[in-house]
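Remarks on the structure that follows.
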Amino acid sequence: MQTITINGRFLGQPLSGVQRFARELTLALDRKIAAGTVPDALKGASWRLAVPGDAPADIDLKAITVDSFGSGPGHLWEQTALYRRSRGGRLIGFGGSGPLFGRRQLVVIHDVTIFRHPQSFRRSYRLLHGALGFALTRTAKIGTVSEFSRRELASVFRVPASGIDVIYNAVDHFATIVPDESIIGRLGLETGGFFLLVGTMKPNKNLDFAIRAFEALGQTGQKLVVVGGTAPTVFRAKGTASTGKIIYAGRLTDAEIAALERHATAFIFPSLYEGFGIPPLEAMTQACPVLAADIPSIREASGKAALYFDPVKEHELVSAMKRITADQDLRDELRAEGRRNVARFSWDASADRVLTLLEKL
């Protein structure tokens, strides 16, 4: 019986876009395996989610077995315990890394931010992940999350773009969330009285730019709610000035963020670099108008469903905030476009793509 192993190291990591991608695709694959809707070549396979022994196995699977074993630093676990456990079968890694000597593996590398914005990362992190990327693009089947990222990976790692496949992100998980409306009162907010900004203080996320633009906006009756945190062991955090109109909410649950999106004037996404950009699409599921940085990956993911601005020109974001505040028709138009846009992506469709690629390993 053939064995297919999913690298479950993501279960022991803080939840961000990469871990969300891994979790939701694993759940989508589990649904398909349980329903028997997998390619004939993969029917009868034994599926398992390999998890470091010290990581919480907090994922509800029906057809995929959770296999906890080994311990130690994540990369060491991958190169030793995971490699030994997965030999002889197929291996899937959704988080951009995997055993260097694995030959029948699919690895999804989300972006090349460490090369395009190295100041966002510590040197040790850049060196390790850069070396992994160069090695894996030559030994594994590589996937990524957008056409933009496919071109970027090909350019940086000097491999043919034709050998890299696109497995899109999706936001089905966010569309079904029951919003926690209590957050509105707890933060002292009113419907249509605030902009929402979600992210970390990594330089490429450009949050300080958006905060400065809001401060330059003047008296419009709006507040700015900043949601998110930092990971100081990896990223170089940067402080920002604040005023009485800016609320730093820290980390919030998905249900709380969904409620904020439903009541916000608009969602602001000022990032300088992304492989895909899930947050704008999550906002669209909650009928929240989106103001987004005009960069290729966001154009690819958001299409006509966002009002774009140059993420290095403060006056353009100020103008976009003024326009969205004053124009009800524009807000309604962006809400409608957002609903149409998110329908282009689904975790089930992405899981089908993964299954097709596994067949070919």
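As shown in the structure tokens, the chain order sets the letters A, B, ...; within each chain, residues go from 1, and ligands are also counted from 1 in the order they appear.
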Per-residue nearest contacts of range 255-318 of chain A to range 155-172 of chain A (9 Å; only C-alpha atoms) as a tab-separated table:
residue	atom	partner	partner_atom	distance
A:Phe276	CA	A:Asn169	CA	7.3
A:Gly277	CA	A:Asn169	CA	8.5
A:Ile278	CA	A:Asn169	CA	7.1
A:Pro279	CA	A:Val171	CA	8.9
A:Leu281	CA	A:Val171	CA	6.7
A:Glu282	CA	A:Val171	CA	5.9
A:Thr285	CA	A:Val171	CA	7.7
So that I can see what lies close to Thr356 in chain A, please list as a PDB file with N, CA and C atoms, in the first residue's frame the residues with an atom at most 10 Å from it, counting only C-alpha atoms and leaving out residues fewer than 3 positions away in the same chain.
ATOM      1  N   VAL A  38     -10.919  11.039  -4.982  1.00  0.00           N
ATOM      2  CA  VAL A  38      -9.508  11.243  -5.308  1.00  0.00           C
ATOM      3  C   VAL A  38      -9.220  10.504  -6.601  1.00  0.00           C
ATOM      4  N   PRO A  39      -8.162  10.863  -7.322  1.00  0.00           N
ATOM      5  CA  PRO A  39      -7.834  10.165  -8.567  1.00  0.00           C
ATOM      6  C   PRO A  39      -7.644   8.667  -8.334  1.00  0.00           C
ATOM      7  N   ALA A  41      -5.449   6.657  -9.266  1.00  0.00           N
ATOM      8  CA  ALA A  41      -4.080   6.263  -8.932  1.00  0.00           C
ATOM      9  C   ALA A  41      -3.770   6.439  -7.450  1.00  0.00           C
ATOM     10  N   LEU A  42      -4.585   7.233  -6.733  1.00  0.00           N
ATOM     11  CA  LEU A  42      -4.329   7.492  -5.312  1.00  0.00           C
ATOM     12  C   LEU A  42      -5.322   6.781  -4.395  1.00  0.00           C
ATOM     13  N   SER A 350      -8.267  23.919  -4.974  1.00  0.00           N
ATOM     14  CA  SER A 350      -6.829  23.850  -4.730  1.00  0.00           C
ATOM     15  C   SER A 350      -6.408  22.436  -4.312  1.00  0.00           C
ATOM     16  N   ALA A 351      -7.267  21.754  -3.543  1.00  0.00           N
ATOM     17  CA  ALA A 351      -6.970  20.371  -3.160  1.00  0.00           C
ATOM     18  C   ALA A 351      -6.953  19.470  -4.391  1.00  0.00           C
ATOM     19  N   ASP A 352      -7.847  19.717  -5.339  1.00  0.00           N
ATOM     20  CA  ASP A 352      -7.835  18.945  -6.585  1.00  0.00           C
ATOM     21  C   ASP A 352      -6.513  19.133  -7.325  1.00  0.00           C
ATOM     22  N   ARG A 353      -5.995  20.351  -7.287  1.00  0.00           N
ATOM     23  CA  ARG A 353      -4.722  20.616  -7.946  1.00  0.00           C
ATOM     24  C   ARG A 353      -3.583  19.843  -7.260  1.00  0.00           C
ATOM     25  N   GLU A 359      -0.324  12.712  -8.230  1.00  0.00           N
ATOM     26  CA  GLU A 359      -0.368  11.618  -9.197  1.00  0.00           C
ATOM     27  C   GLU A 359       0.916  11.521 -10.005  1.00  0.00           C
ATOM     28  N   LYS A 360       1.497  12.683 -10.306  1.00  0.00           N
ATOM     29  CA  LYS A 360       2.644  12.738 -11.211  1.00  0.00           C
ATOM     30  C   LYS A 360       3.977  12.518 -10.518  1.00  0.00           C
ATOM     31  N   LEU A 361       3.985  12.509  -9.177  1.00  0.00           N
ATOM     32  CA  LEU A 361       5.246  12.336  -8.459  1.00  0.00           C
ATOM     33  C   LEU A 361       5.825  10.936  -8.713  1.00  0.00           C
TER      34      LEU A 361
END
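Excluding Arg48 in chain A and any residue on its chain fewer than 5 positions from it, the residues at most 6 Å away by only C-alpha atoms are Thr5, Ile64, Thr65 and Val66 of chain A.
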message: Give me the residues near Tyr83 in chain A as an NGL selection string, where near means some atom within 8 Å (using only C-alpha atoms) and where sequence neighbours in that chain fewer than 3 positions away do not count.
response: :A and (78-80 or 86-87 or 99 or 101-102)
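Backbone DSSP assigns strand (DSSP E or B) in range 195-345 of chain A to A:Phe195, A:Leu196, A:Leu197, A:Val198, A:Lys223, A:Leu224, A:Val225, A:Val226, A:Val227, A:Phe235, A:Ile246, A:Ile247, A:Tyr248, A:Ala249, A:Gly250, A:Ala266, A:Phe267, A:Ile268, A:Phe269, A:Val290, A:Leu291, A:Ala292, A:Ala293, A:Leu307, A:Tyr308, A:Phe309.
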